[in-house]
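To be precise, the following lines are input01.tsv, and they hold TSV, C-alpha atoms and all ligand atoms.
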chain	number	residue	atom	x	y	z
A	54	MET	CA	194.67	-41.02	-41.66
A	55	GLN	CA	198.37	-40.27	-41.79
A	56	LEU	CA	199.78	-36.81	-41.20
A	57	ARG	CA	203.27	-35.49	-41.60
A	58	TYR	CA	204.91	-33.40	-38.88
A	59	ASN	CA	207.96	-31.36	-39.80
A	60	TYR	CA	210.69	-30.11	-37.52
A	61	ARG	CA	213.86	-28.25	-38.31
A	62	ALA	CA	217.00	-30.04	-37.13
A	63	TYR	CA	220.47	-28.70	-36.38
A	64	PRO	CA	223.08	-31.45	-36.87
A	65	ASP	CA	226.65	-30.66	-35.82
A	66	ALA	CA	229.59	-31.02	-38.21
A	67	SER	CA	230.17	-34.75	-37.66
A	68	GLN	CA	226.44	-35.47	-37.88
A	69	ARG	CA	226.26	-33.52	-41.12
A	70	ARG	CA	229.06	-35.70	-42.49
A	71	ALA	CA	227.22	-38.86	-41.38
A	72	LEU	CA	224.00	-37.64	-43.00
A	73	ALA	CA	225.84	-36.66	-46.19
A	74	SER	CA	227.19	-40.18	-46.58
A	75	ALA	CA	223.72	-41.63	-45.86
A	76	PHE	CA	222.21	-39.39	-48.57
A	77	GLY	CA	224.96	-40.53	-50.93
A	78	CYS	CA	224.55	-44.25	-50.16
A	79	ALA	CA	220.75	-44.10	-50.50
A	80	ARG	CA	221.23	-42.41	-53.87
A	81	VAL	CA	223.72	-45.04	-55.05
A	82	VAL	CA	221.40	-47.91	-54.08
A	83	TRP	CA	218.53	-46.20	-55.86
A	84	ASN	CA	220.59	-45.63	-59.02
A	85	ASP	CA	222.12	-49.15	-59.01
A	86	CYS	CA	218.71	-50.80	-58.66
A	87	LEU	CA	217.12	-48.50	-61.21
A	88	ARG	CA	219.89	-49.29	-63.70
A	89	ASP	CA	219.36	-53.04	-63.22
A	90	ARG	CA	215.66	-52.73	-63.90
A	91	LYS	CA	216.16	-50.44	-66.90
A	92	GLU	CA	218.75	-52.76	-68.42
A	93	ALA	CA	216.57	-55.81	-67.83
A	94	HIS	CA	213.68	-54.02	-69.49
A	95	ALA	CA	215.82	-52.96	-72.46
A	96	ALA	CA	217.03	-56.57	-72.87
A	97	GLY	CA	213.45	-57.86	-72.86
A	98	LEU	CA	213.96	-59.59	-69.50
A	99	PRO	CA	211.32	-59.66	-66.74
A	100	TYR	CA	211.08	-56.96	-64.05
A	101	VAL	CA	213.82	-57.52	-61.46
A	102	LYS	CA	212.31	-58.46	-58.09
A	103	SER	CA	213.04	-56.37	-54.98
A	104	ALA	CA	214.37	-59.37	-53.06
A	105	ASP	CA	216.96	-59.99	-55.77
A	106	LEU	CA	218.00	-56.35	-55.84
A	107	SER	CA	218.21	-56.22	-52.05
A	108	ARG	CA	220.55	-59.21	-52.03
A	109	LEU	CA	222.69	-58.12	-54.97
A	110	ARG	CA	222.79	-54.33	-54.56
A	111	ILE	CA	222.79	-54.02	-50.76
A	112	THR	CA	223.85	-57.17	-48.91
A	113	GLN	CA	226.40	-58.48	-51.39
A	114	ALA	CA	227.50	-55.06	-52.61
A	115	LYS	CA	228.87	-54.25	-49.14
A	116	HIS	CA	231.46	-56.99	-49.63
A	117	THR	CA	232.74	-55.63	-52.92
A	118	GLU	CA	235.56	-53.13	-53.12
A	119	GLU	CA	233.72	-50.41	-54.99
A	120	ARG	CA	230.65	-50.45	-52.69
A	121	ALA	CA	232.27	-51.33	-49.34
A	122	TRP	CA	231.30	-47.92	-47.91
A	123	LEU	CA	227.62	-48.92	-48.01
A	124	ALA	CA	228.38	-50.73	-44.72
A	125	ASP	CA	229.05	-47.38	-43.03
A	126	VAL	CA	225.44	-46.24	-43.06
A	127	SER	CA	222.27	-47.68	-41.53
A	128	ALA	CA	220.99	-50.70	-43.49
A	129	VAL	CA	217.47	-49.35	-42.95
A	130	VAL	CA	218.28	-46.30	-45.08
A	131	LEU	CA	219.40	-48.53	-47.96
A	132	GLN	CA	216.37	-50.84	-47.71
A	133	GLN	CA	214.03	-47.83	-47.60
A	134	SER	CA	215.68	-46.40	-50.70
A	135	LEU	CA	214.91	-49.62	-52.57
A	136	ARG	CA	211.36	-49.57	-51.18
A	137	ASP	CA	210.93	-45.98	-52.41
A	138	LEU	CA	212.07	-47.09	-55.85
A	139	ASP	CA	209.44	-49.86	-55.76
A	140	THR	CA	206.79	-47.28	-54.87
A	141	ALA	CA	207.93	-45.01	-57.70
A	142	TYR	CA	207.62	-47.95	-60.12
A	143	LYS	CA	204.21	-48.92	-58.75
A	144	ASN	CA	202.93	-45.35	-59.18
A	145	PHE	CA	204.27	-45.31	-62.71
A	146	PHE	CA	202.66	-48.68	-63.62
A	147	ASP	CA	199.36	-47.68	-62.01
A	148	SER	CA	199.41	-44.41	-63.91
A	149	VAL	CA	200.06	-46.17	-67.23
A	150	LYS	CA	197.24	-48.65	-66.53
A	151	GLY	CA	194.89	-45.80	-65.60
A	152	LYS	CA	194.51	-47.13	-62.03
A	153	ARG	CA	195.83	-43.89	-60.61
A	154	GLN	CA	193.91	-40.62	-60.52
A	155	GLY	CA	195.35	-37.23	-61.24
A	156	ARG	CA	198.43	-36.18	-63.10
A	157	LYS	CA	200.36	-38.75	-65.15
A	158	VAL	CA	203.38	-40.19	-63.38
A	159	GLY	CA	206.57	-40.80	-65.35
A	160	PRO	CA	209.05	-43.65	-64.80
A	161	PRO	CA	211.57	-43.26	-61.92
A	162	ARG	CA	214.66	-41.21	-62.75
A	163	TYR	CA	218.27	-41.35	-61.69
A	164	LYS	CA	219.18	-39.21	-58.70
A	165	SER	CA	222.00	-36.73	-58.79
A	166	LYS	CA	224.34	-35.29	-56.20
A	167	LYS	CA	223.19	-31.92	-57.52
A	168	ASP	CA	219.49	-32.50	-56.77
A	169	THR	CA	218.14	-29.60	-54.73
A	170	ARG	CA	216.61	-31.87	-52.14
A	171	GLN	CA	218.41	-34.85	-50.56
A	172	SER	CA	216.47	-37.27	-48.43
A	173	ILE	CA	216.65	-40.55	-46.55
A	174	ARG	CA	213.97	-42.53	-44.76
A	175	PHE	CA	214.00	-44.49	-41.52
A	176	ASN	CA	211.53	-46.88	-39.93
A	177	THR	CA	211.03	-47.18	-36.18
A	178	ASN	CA	213.97	-49.58	-35.85
A	179	ALA	CA	216.36	-46.83	-36.83
A	180	PHE	CA	215.22	-43.76	-34.92
A	181	SER	CA	213.78	-42.83	-31.55
A	182	LEU	CA	212.57	-39.76	-29.69
A	183	ARG	CA	214.61	-38.98	-26.62
A	184	ASP	CA	213.42	-37.54	-23.34
A	185	ASP	CA	215.58	-34.46	-23.71
A	186	GLY	CA	213.79	-33.53	-26.96
A	187	ALA	CA	216.51	-34.71	-29.30
A	188	VAL	CA	215.89	-37.32	-31.99
A	189	TYR	CA	218.23	-40.27	-32.15
A	190	VAL	CA	218.97	-41.37	-35.72
A	191	ALA	CA	220.92	-44.54	-36.45
A	192	LYS	CA	224.59	-43.94	-37.33
A	193	ALA	CA	224.17	-40.15	-37.06
A	194	GLY	CA	223.45	-39.86	-33.35
A	195	SER	CA	221.15	-37.51	-31.42
A	196	LEU	CA	220.05	-34.57	-33.55
A	197	LYS	CA	219.13	-31.28	-31.96
A	198	VAL	CA	215.61	-30.26	-32.98
A	199	LYS	CA	213.94	-26.86	-32.87
A	200	CYS	CA	211.52	-26.39	-29.94
A	201	SER	CA	208.20	-27.81	-30.98
A	202	ARG	CA	204.88	-29.00	-29.77
A	203	ARG	CA	204.43	-32.67	-29.20
A	204	LEU	CA	203.43	-35.29	-31.74
A	205	PRO	CA	199.90	-36.61	-31.19
A	206	ALA	CA	201.07	-40.23	-31.29
A	207	ALA	CA	204.18	-42.30	-31.83
A	208	PRO	CA	205.52	-41.78	-35.36
A	209	THR	CA	205.71	-44.71	-37.76
A	210	SER	CA	208.48	-43.36	-39.98
A	211	LEU	CA	210.99	-40.56	-40.30
A	212	THR	CA	212.34	-38.77	-43.36
A	213	VAL	CA	215.43	-36.62	-43.03
A	214	THR	CA	215.86	-34.03	-45.76
A	215	LYS	CA	218.35	-31.37	-46.64
A	216	ASP	CA	217.11	-28.56	-48.84
A	217	SER	CA	218.95	-26.36	-51.31
A	218	CYS	CA	219.73	-23.78	-48.63
A	219	GLY	CA	221.47	-26.41	-46.52
A	220	ARG	CA	218.67	-26.66	-43.93
A	221	TYR	CA	217.82	-30.01	-42.36
A	222	PHE	CA	214.30	-31.18	-41.60
A	223	LEU	CA	212.85	-34.18	-39.83
A	224	SER	CA	209.47	-35.25	-41.10
A	225	PHE	CA	207.51	-37.79	-39.02
A	226	VAL	CA	204.53	-39.76	-40.25
A	227	VAL	CA	201.88	-40.17	-37.56
A	228	ASP	CA	198.62	-42.12	-37.69
A	229	THR	CA	195.94	-39.73	-36.53
A	230	GLU	CA	192.37	-40.29	-35.44
A	231	PRO	CA	189.84	-37.87	-36.98
A	232	ASP	CA	188.92	-34.90	-34.79
A	233	ILE	CA	185.29	-34.33	-35.77
A	234	LEU	CA	184.09	-30.76	-35.29
A	235	PRO	CA	180.50	-29.93	-34.29
A	236	GLY	CA	178.20	-29.78	-37.34
A	237	LEU	CA	177.27	-26.50	-39.02
A	238	ASP	CA	174.56	-25.46	-41.43
A	239	VAL	CA	176.86	-23.50	-43.76
A	240	ASP	CA	178.58	-24.47	-46.99
A	241	VAL	CA	180.84	-22.52	-49.32
A	242	GLY	CA	182.09	-22.50	-52.91
A	243	ILE	CA	185.60	-21.19	-53.59
A	244	ASP	CA	186.96	-19.91	-56.86
A	245	LEU	CA	190.55	-19.07	-57.67
A	246	GLY	CA	190.31	-15.30	-57.98
A	247	LEU	CA	191.80	-13.07	-60.63
A	248	SER	CA	192.56	-10.08	-58.46
A	249	ALA	CA	192.40	-11.75	-55.03
A	250	PHE	CA	193.83	-15.14	-54.10
A	251	ALA	CA	190.40	-16.70	-53.76
A	252	VAL	CA	186.78	-15.58	-53.80
A	253	LEU	CA	184.09	-17.20	-51.67
A	254	SER	CA	180.48	-17.73	-52.68
A	255	ASP	CA	179.35	-15.41	-49.87
A	256	GLY	CA	181.12	-12.60	-51.73
A	257	SER	CA	184.14	-12.28	-49.46
A	258	LYS	CA	187.63	-12.31	-50.90
A	259	ILE	CA	190.79	-13.82	-49.50
A	260	ASP	CA	193.96	-12.03	-50.46
A	261	SER	CA	197.47	-13.07	-49.60
A	262	PRO	CA	198.91	-10.82	-46.92
A	263	ARG	CA	201.20	-7.94	-47.81
A	264	PHE	CA	204.33	-9.51	-46.26
A	265	LEU	CA	203.91	-12.49	-48.58
A	266	ARG	CA	203.38	-10.36	-51.69
A	267	ARG	CA	206.45	-8.33	-50.74
A	268	ALA	CA	208.55	-11.48	-50.30
A	269	GLU	CA	207.37	-12.74	-53.69
A	270	LYS	CA	208.32	-9.44	-55.29
A	271	LYS	CA	211.77	-9.60	-53.77
A	272	LEU	CA	212.18	-13.15	-55.09
A	273	LYS	CA	211.37	-11.97	-58.60
A	274	ARG	CA	213.92	-9.17	-58.32
A	275	LEU	CA	216.63	-11.55	-57.12
A	276	GLN	CA	215.84	-13.95	-59.98
A	277	ARG	CA	216.25	-11.08	-62.46
A	278	GLU	CA	219.59	-10.17	-60.89
A	279	LEU	CA	220.72	-13.80	-61.10
A	280	SER	CA	219.92	-13.99	-64.80
A	281	ARG	CA	222.12	-10.96	-65.45
A	282	LYS	CA	225.23	-12.45	-63.83
A	283	ALA	CA	227.84	-14.05	-66.08
A	284	LYS	CA	227.69	-17.83	-66.22
A	285	GLY	CA	230.28	-19.58	-64.07
A	286	SER	CA	231.16	-16.40	-62.20
A	287	LYS	CA	231.49	-16.10	-58.44
A	288	ASN	CA	228.80	-13.45	-58.38
A	289	ARG	CA	226.42	-15.81	-60.09
A	290	ALA	CA	227.04	-18.48	-57.46
A	291	LYS	CA	226.37	-15.90	-54.72
A	292	ALA	CA	223.20	-14.70	-56.44
A	293	ARG	CA	222.00	-18.28	-56.78
A	294	ILE	CA	222.27	-18.83	-53.02
A	295	LYS	CA	220.35	-15.62	-52.42
A	296	VAL	CA	217.57	-16.80	-54.75
A	297	ALA	CA	217.43	-20.21	-53.05
A	298	ARG	CA	217.15	-18.59	-49.60
A	299	GLN	CA	214.42	-16.20	-50.68
A	300	HIS	CA	212.64	-19.07	-52.42
A	301	ALA	CA	212.60	-21.04	-49.18
A	302	LYS	CA	211.37	-18.02	-47.25
A	303	VAL	CA	208.50	-17.42	-49.68
A	304	ALA	CA	207.55	-21.10	-49.66
A	305	ASP	CA	207.53	-21.24	-45.84
A	306	ARG	CA	205.47	-18.09	-45.45
A	307	ARG	CA	203.04	-19.09	-48.16
A	308	ARG	CA	202.54	-22.50	-46.56
A	309	ASP	CA	201.94	-21.00	-43.12
A	310	TRP	CA	199.44	-18.60	-44.54
A	311	HIS	CA	197.67	-21.34	-46.55
A	312	HIS	CA	197.36	-23.34	-43.34
A	313	LYS	CA	195.78	-20.43	-41.52
A	314	ALA	CA	193.32	-19.66	-44.32
A	315	SER	CA	192.34	-23.30	-44.92
A	316	THR	CA	191.82	-24.00	-41.20
A	317	GLN	CA	189.52	-21.01	-40.95
A	318	ILE	CA	187.43	-22.13	-43.93
A	319	ILE	CA	187.11	-25.70	-42.62
A	320	ARG	CA	186.11	-24.47	-39.15
A	321	ASP	CA	183.48	-22.10	-40.57
A	322	ASN	CA	181.82	-24.44	-43.07
A	323	GLN	CA	180.24	-27.89	-43.05
A	324	ALA	CA	180.91	-28.39	-46.76
A	325	VAL	CA	183.60	-26.89	-48.99
A	326	TYR	CA	183.60	-26.96	-52.77
A	327	VAL	CA	186.48	-25.78	-54.95
A	328	GLU	CA	187.22	-25.58	-58.63
A	329	ASP	CA	189.63	-28.27	-59.71
A	330	LEU	CA	192.49	-26.90	-61.78
A	331	ALA	CA	194.21	-30.27	-62.08
A	332	VAL	CA	191.78	-31.60	-64.68
A	333	SER	CA	194.09	-31.77	-67.71
A	334	GLY	CA	194.20	-27.97	-67.96
A	335	LEU	CA	191.09	-27.97	-70.12
A	336	GLY	CA	190.43	-24.50	-71.45
A	337	ARG	CA	192.69	-23.13	-68.79
A	338	THR	CA	194.35	-20.02	-70.09
A	339	ARG	CA	193.92	-17.45	-67.40
A	340	LEU	CA	196.72	-17.22	-64.86
A	341	ALA	CA	198.40	-20.22	-66.42
A	342	LYS	CA	201.81	-21.01	-64.96
A	343	SER	CA	201.56	-18.21	-62.45
A	344	VAL	CA	202.72	-18.45	-58.86
A	345	HIS	CA	199.04	-18.48	-58.15
A	346	ASP	CA	198.49	-21.94	-59.60
A	347	ALA	CA	201.18	-23.68	-57.61
A	348	GLY	CA	199.84	-22.09	-54.46
A	349	TRP	CA	196.29	-23.04	-55.27
A	350	SER	CA	196.89	-26.79	-55.51
A	351	ALA	CA	198.73	-26.80	-52.18
A	352	PHE	CA	195.88	-24.84	-50.62
A	353	VAL	CA	193.27	-27.22	-52.07
A	354	GLY	CA	195.26	-30.19	-50.73
A	355	MET	CA	195.12	-28.67	-47.23
A	356	LEU	CA	191.37	-28.09	-47.47
A	357	GLU	CA	190.95	-31.71	-48.53
A	358	TYR	CA	192.85	-33.32	-45.68
A	359	LYS	CA	191.48	-30.94	-43.06
A	360	ALA	CA	187.95	-31.70	-44.26
A	361	ALA	CA	188.70	-35.41	-43.80
A	362	LEU	CA	190.32	-34.80	-40.43
A	363	HIS	CA	187.44	-32.72	-39.07
A	364	GLY	CA	184.46	-34.54	-40.61
A	365	ARG	CA	183.60	-31.94	-43.22
A	366	THR	CA	182.41	-32.56	-46.77
A	367	PHE	CA	184.81	-31.65	-49.54
A	368	ALA	CA	184.37	-31.84	-53.31
A	369	LYS	CA	186.20	-30.60	-56.36
A	370	VAL	CA	184.20	-29.18	-59.24
A	371	ASP	CA	185.42	-30.06	-62.70
A	372	ARG	CA	187.19	-27.28	-64.56
A	373	ALA	CA	185.23	-28.11	-67.70
A	374	PHE	CA	182.26	-26.76	-65.79
A	375	PRO	CA	181.88	-23.17	-67.12
A	376	SER	CA	181.78	-21.38	-63.77
A	377	SER	CA	182.51	-17.99	-65.27
A	378	GLN	CA	179.95	-18.18	-68.12
A	379	VAL	CA	176.78	-19.24	-66.35
A	380	CYS	CA	174.55	-16.76	-64.54
A	381	SER	CA	174.41	-17.94	-60.92
A	382	ALA	CA	171.02	-16.26	-60.47
A	383	CYS	CA	169.02	-17.85	-63.30
A	384	GLY	CA	171.33	-20.49	-64.78
A	385	PHE	CA	171.44	-18.88	-68.23
A	386	ARG	CA	174.63	-19.62	-70.15
A	387	ASP	CA	175.81	-16.21	-71.22
A	388	GLY	CA	178.84	-17.27	-73.27
A	389	PRO	CA	182.58	-16.90	-72.77
A	390	LYS	CA	183.92	-13.75	-71.10
A	391	PRO	CA	187.33	-12.34	-72.01
A	392	LEU	CA	189.77	-11.96	-69.14
A	393	HIS	CA	189.43	-8.21	-68.78
A	394	VAL	CA	185.68	-8.46	-68.16
A	395	ARG	CA	185.41	-8.01	-64.40
A	396	GLU	CA	181.70	-7.43	-64.28
A	397	TRP	CA	178.88	-8.45	-66.58
A	398	THR	CA	175.11	-8.30	-66.84
A	399	CYS	CA	173.11	-11.47	-67.48
A	400	GLY	CA	171.43	-11.28	-70.87
A	401	GLU	CA	168.45	-13.24	-69.53
A	402	CYS	CA	167.58	-11.95	-66.05
A	403	GLY	CA	169.60	-8.71	-65.96
A	404	THR	CA	171.55	-9.51	-62.77
A	405	VAL	CA	174.86	-7.65	-62.58
A	406	HIS	CA	177.68	-10.05	-61.65
A	407	ASP	CA	181.17	-9.65	-60.27
A	408	ARG	CA	183.02	-12.20	-62.36
A	409	ASP	CA	184.78	-13.99	-59.49
A	410	HIS	CA	181.87	-13.91	-57.08
A	411	ASN	CA	179.56	-15.36	-59.73
A	412	ALA	CA	182.07	-18.13	-60.43
A	413	ALA	CA	182.31	-18.98	-56.71
A	414	ARG	CA	178.51	-19.19	-56.46
A	415	ASN	CA	178.45	-21.55	-59.43
A	416	VAL	CA	181.13	-23.71	-57.79
A	417	LEU	CA	178.88	-23.83	-54.69
A	418	PHE	CA	175.79	-24.94	-56.66
A	419	GLU	CA	177.73	-27.50	-58.71
A	420	GLY	CA	179.38	-28.82	-55.54
A	421	ARG	CA	176.01	-29.26	-53.82
A	422	ARG	CA	174.72	-31.08	-56.89
A	423	ILE	CA	177.70	-33.46	-56.96
A	424	VAL	CA	177.33	-34.24	-53.25
A	425	ALA	CA	173.57	-34.75	-53.57
A	426	ALA	CA	174.23	-37.20	-56.41
A	427	GLY	CA	176.40	-39.12	-53.95
A	428	ARG	CA	179.56	-38.87	-55.96
A	429	VAL	CA	181.87	-37.84	-53.12
A	430	GLU	CA	180.56	-40.00	-50.30
A	431	THR	CA	182.76	-42.94	-51.23
A	432	GLN	CA	185.80	-40.71	-51.21
A	433	ASN	CA	185.09	-39.44	-47.71
A	434	ALA	CA	184.35	-42.96	-46.51
A	435	SER	CA	187.70	-44.19	-47.70
A	436	TRP	CA	189.43	-41.30	-45.94
A	437	SER	CA	187.79	-42.05	-42.64
A	438	ALA	CA	188.38	-45.77	-42.99
A	439	GLY	CA	192.04	-44.96	-43.33
A	440	LYS	CA	192.33	-46.57	-46.75
A	441	THR	CA	193.91	-43.48	-48.21
A	442	ARG	CA	197.59	-43.77	-47.50
A	443	THR	CA	198.47	-40.33	-48.77
A	444	LYS	CA	200.58	-38.49	-46.28
A	445	VAL	CA	199.74	-34.88	-45.84
A	446	PRO	CA	201.72	-32.15	-44.15
A	447	ALA	CA	200.30	-31.26	-40.77
A	448	GLN	CA	199.74	-27.67	-39.89
A	449	ARG	CA	202.75	-25.83	-38.58
A	450	GLY	CA	200.79	-24.53	-35.64
A	451	GLU	CA	200.25	-28.14	-34.66
A	452	ALA	CA	203.75	-29.18	-35.39
A	453	GLY	CA	206.14	-26.35	-35.92
A	454	SER	CA	207.43	-23.49	-33.89
A	455	PRO	CA	205.52	-22.51	-30.76
A	456	ARG	CA	203.20	-19.53	-30.98
A	457	LYS	CA	203.48	-16.43	-28.88
A	458	GLY	CA	201.91	-16.66	-25.47
A	459	GLN	CA	202.17	-20.41	-25.31
A	460	PRO	CA	204.60	-22.23	-23.08
A	461	THR	CA	207.60	-23.32	-25.04
A	462	GLN	CA	208.38	-26.99	-24.92
A	463	ALA	CA	211.93	-28.00	-25.50
A	464	GLY	CA	211.84	-30.32	-28.47
A	465	ILE	CA	209.48	-33.22	-28.85
A	466	PRO	CA	208.52	-34.74	-25.53
A	467	GLY	CA	209.17	-38.45	-25.19
A	468	LEU	CA	206.18	-40.49	-26.18
A	501	ZN	ZN	170.59	-14.56	-65.19
Can you give me the file's structure in the form of structure tokens?
Amino acid sequence: MQLRYNYRAYPDASQRRALASAFGCARVVWNDCLRDRKEAHAAGLPYVKSADLSRLRITQAKHTEERAWLADVSAVVLQQSLRDLDTAYKNFFDSVKGKRQGRKVGPPRYKSKKDTRQSIRFNTNAFSLRDDGAVYVAKAGSLKVKCSRRLPAAPTSLTVTKDSCGRYFLSFVVDTEPDILPGLDVDVGIDLGLSAFAVLSDGSKIDSPRFLRRAEKKLKRLQRELSRKAKGSKNRAKARIKVARQHAKVADRRRDWHHKASTQIIRDNQAVYVEDLAVSGLGRTRLAKSVHDAGWSAFVGMLEYKAALHGRTFAKVDRAFPSSQVCSACGFRDGPKPLHVREWTCGECGTVHDRDHNAARNVLFEGRRIVAAGRVETQNASWSAGKTRTKVPAQRGEAGSPRKGQPTQAGIPGL
């Protein structure tokens, strides 16, 4: 399977200029090619082939006056931009044809200079890891990278991004062999909690740590302050930067914490079942649109790839499944429960239930049933066979800053 490893990079002023023009050129190629395809489509003409676009919008464009500056950046960046556009189209077509699972994918959109996240991609011809820990990137030079632990294997591609706070990141894709953990005789169902972050079928609750809740609170306050500033004013611009910085801080901390929690769950259990919130939002009213939801899908994604990586079973339980209405003791369907009902007594067997704990137990039973029916085996098989090309973010502990008490390695050792 493929994992992503992220490192913070610190380009100097001239490197930042080189990267800025690469971001710009990649965006122009993307937009030029997208326009050609849109116009062809509008005129009833066939889909414009990549080879034609590559010739017209990259190779030949460099010799025209208005696109001569495309020659200043790595050709790999431009080719990858076109390839990314092809992938975006393929995802869109697959989604329309119903070949793609999950959320509907819209057609590719034009990119703007004002997009919060700028990115370019390189293949192995255009970057290399240096012995001194720096990363050489074509036409930008050797980028300084924050001290990190080593990559498990040679990377197959590199994405350079700049976020809205002006931070640069290098993200490597690495093919990883599964690291199968010793088998256990324990499984767990997990429900998205109302009061806690998540509730496990054994009755324990996972709550986000106080530092994260505090950071989220501060973000909300800064957003309120931003909305009160006059449009176009200097103070508004300042407040916007503050919000962006706090946003990044919250996202980083939340991700680190999700990694910790998901690793623990995967280590402790042979099989993990979760409720799937992605299923078309059926009957989903509670906690809708909350910070909670966004966090949950990222957390579930981590559980899924770590299960695949460590040889654990993972299954999602359909949201349509009424986990909060059924008595987990006797299976009686007790009817819908309003949100404020935290505890209820089964009308059939008299068991007193904590709402969230009962739901988690139901997720566990439904998950076991799905696995016994053999509905997830194929999914796991495809993971281990490496057919799934989804790239997932690797844990920070594996890839990010060194932990306390561990020897610090300067940068990424040469591979
Ligand atoms: Zn009952």
>> Just to confirm, what's the straight-line distance from CA of Leu247 in chain A to CA of Arg306 in chain A in Å (one decimal)?
In response: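 Atom-to-atom, CA of Leu247 in chain A and CA of Arg306 in chain A are spaced 21.0 Å apart.
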Within 7 Å of ligand ZN 501 (chain A), which residues of chain A show up? Give each one with its shortest atom-to-atom distance in Å (one decimal) and the two atoms involved, counting only C-alpha atoms and all ligand atoms, rows by chain then rising residue number, as a tab-separated table.
residue	atom	partner	partner_atom	distance
A:Cys380	CA	A:ZN501	ZN	4.6
A:Ser381	CA	A:ZN501	ZN	6.7
A:Ala382	CA	A:ZN501	ZN	5.0
A:Cys383	CA	A:ZN501	ZN	4.1
A:Gly384	CA	A:ZN501	ZN	6.0
A:Phe385	CA	A:ZN501	ZN	5.4
A:Cys399	CA	A:ZN501	ZN	4.6
A:Gly400	CA	A:ZN501	ZN	6.6
A:Glu401	CA	A:ZN501	ZN	5.0
A:Cys402	CA	A:ZN501	ZN	4.1
A:Gly403	CA	A:ZN501	ZN	6.0
A:Thr404	CA	A:ZN501	ZN	5.7
> If we count only C-alpha atoms, what is near range 296-298 of chain A at a cut-off of 8 Å, once residues fewer than 5 positions away on the same chain are taken out, given as a ChimeraX atom specification?
Replying inline: /A:217-218,272,275-276,279
> Could you work out how far CA of Lys359 in chain A lies from CA of Glu230 in chain A, giving the answer in Å with one decimal?
Replying inline: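 Rounded to one decimal, the two atoms are 12.1 Å apart.
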Compile a residue-level contact table for range 205-284 of chain A against range 317-330 of chain A at a cut-off of 10 Å, reporting for every qualifying residue the shortest atom pair and its distance in Å to one decimal, with all atoms listed in the file counted, rows ordered by chain and ascending number, as JSON lines.
{"residue": "A:Leu234", "atom": "CA", "partner": "A:Arg320", "partner_atom": "CA", "distance": 7.7}
{"residue": "A:Pro235", "atom": "CA", "partner": "A:Gln323", "partner_atom": "CA", "distance": 9.0}
{"residue": "A:Gly236", "atom": "CA", "partner": "A:Gln323", "partner_atom": "CA", "distance": 6.4}
{"residue": "A:Leu237", "atom": "CA", "partner": "A:Gln323", "partner_atom": "CA", "distance": 5.2}
{"residue": "A:Asp238", "atom": "CA", "partner": "A:Gln323", "partner_atom": "CA", "distance": 6.4}
{"residue": "A:Val239", "atom": "CA", "partner": "A:Asn322", "partner_atom": "CA", "distance": 5.1}
{"residue": "A:Asp240", "atom": "CA", "partner": "A:Ala324", "partner_atom": "CA", "distance": 4.6}
{"residue": "A:Val241", "atom": "CA", "partner": "A:Val325", "partner_atom": "CA", "distance": 5.2}
{"residue": "A:Gly242", "atom": "CA", "partner": "A:Tyr326", "partner_atom": "CA", "distance": 4.7}
{"residue": "A:Ile243", "atom": "CA", "partner": "A:Val327", "partner_atom": "CA", "distance": 4.9}
{"residue": "A:Asp244", "atom": "CA", "partner": "A:Glu328", "partner_atom": "CA", "distance": 5.9}
{"residue": "A:Leu245", "atom": "CA", "partner": "A:Glu328", "partner_atom": "CA", "distance": 7.4}
{"residue": "A:Ala251", "atom": "CA", "partner": "A:Val327", "partner_atom": "CA", "distance": 10.0}
{"residue": "A:Leu253", "atom": "CA", "partner": "A:Val327", "partner_atom": "CA", "distance": 9.5}
{"residue": "A:Ser254", "atom": "CA", "partner": "A:Tyr326", "partner_atom": "CA", "distance": 9.7}
>> Could you check which residues have any atom within 12 Å of (204.4, -37.2, -63.2), counting only C-alpha atoms with coordinates taken straight from the file, and then list them as JSON, numbers by chain?
In response: {"A": [141, 142, 144, 145, 146, 147, 148, 149, 153, 154, 155, 156, 157, 158, 159, 160, 161, 162]}
> Near Ser172 in chain A, counting all atoms listed in the file, which residues have an atom at most 10 Å away, once you skip same-chain residues fewer than 4 positions from it, shown as number ranges by chain?
Replying inline: A: 72-73, 75-77, 79-80, 130, 134, 212-216, 221-223
>> Just checking: using only C-alpha atoms, which residue out of A:Ser376, A:Ser181, A:Ala304, A:His311 ends up closest to Gly354 in chain A?
In response: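 Of all the options, A:His311 lies closest to Gly354 in chain A.
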Protein/DNA/RNA residues near (214.2, -41.8, -29.7), cut 10 Å, only C-alpha atoms, as a CSV table (one decimal) with C-alpha atoms, in the frame of the given file:
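Saved file out.csv follows:
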chain,number,residue,atom,x,y,z
A,177,THR,CA,211.0,-47.2,-36.2
A,178,ASN,CA,214.0,-49.6,-35.8
A,179,ALA,CA,216.4,-46.8,-36.8
A,180,PHE,CA,215.2,-43.8,-34.9
A,181,SER,CA,213.8,-42.8,-31.6
A,182,LEU,CA,212.6,-39.8,-29.7
A,183,ARG,CA,214.6,-39.0,-26.6
A,184,ASP,CA,213.4,-37.5,-23.3
A,185,ASP,CA,215.6,-34.5,-23.7
A,186,GLY,CA,213.8,-33.5,-27.0
A,187,ALA,CA,216.5,-34.7,-29.3
A,188,VAL,CA,215.9,-37.3,-32.0
A,189,TYR,CA,218.2,-40.3,-32.2
A,190,VAL,CA,219.0,-41.4,-35.7
A,191,ALA,CA,220.9,-44.5,-36.4
A,195,SER,CA,221.2,-37.5,-31.4
A,465,ILE,CA,209.5,-33.2,-28.8
A,466,PRO,CA,208.5,-34.7,-25.5
A,467,GLY,CA,209.2,-38.4,-25.2
A,468,LEU,CA,206.2,-40.5,-26.2
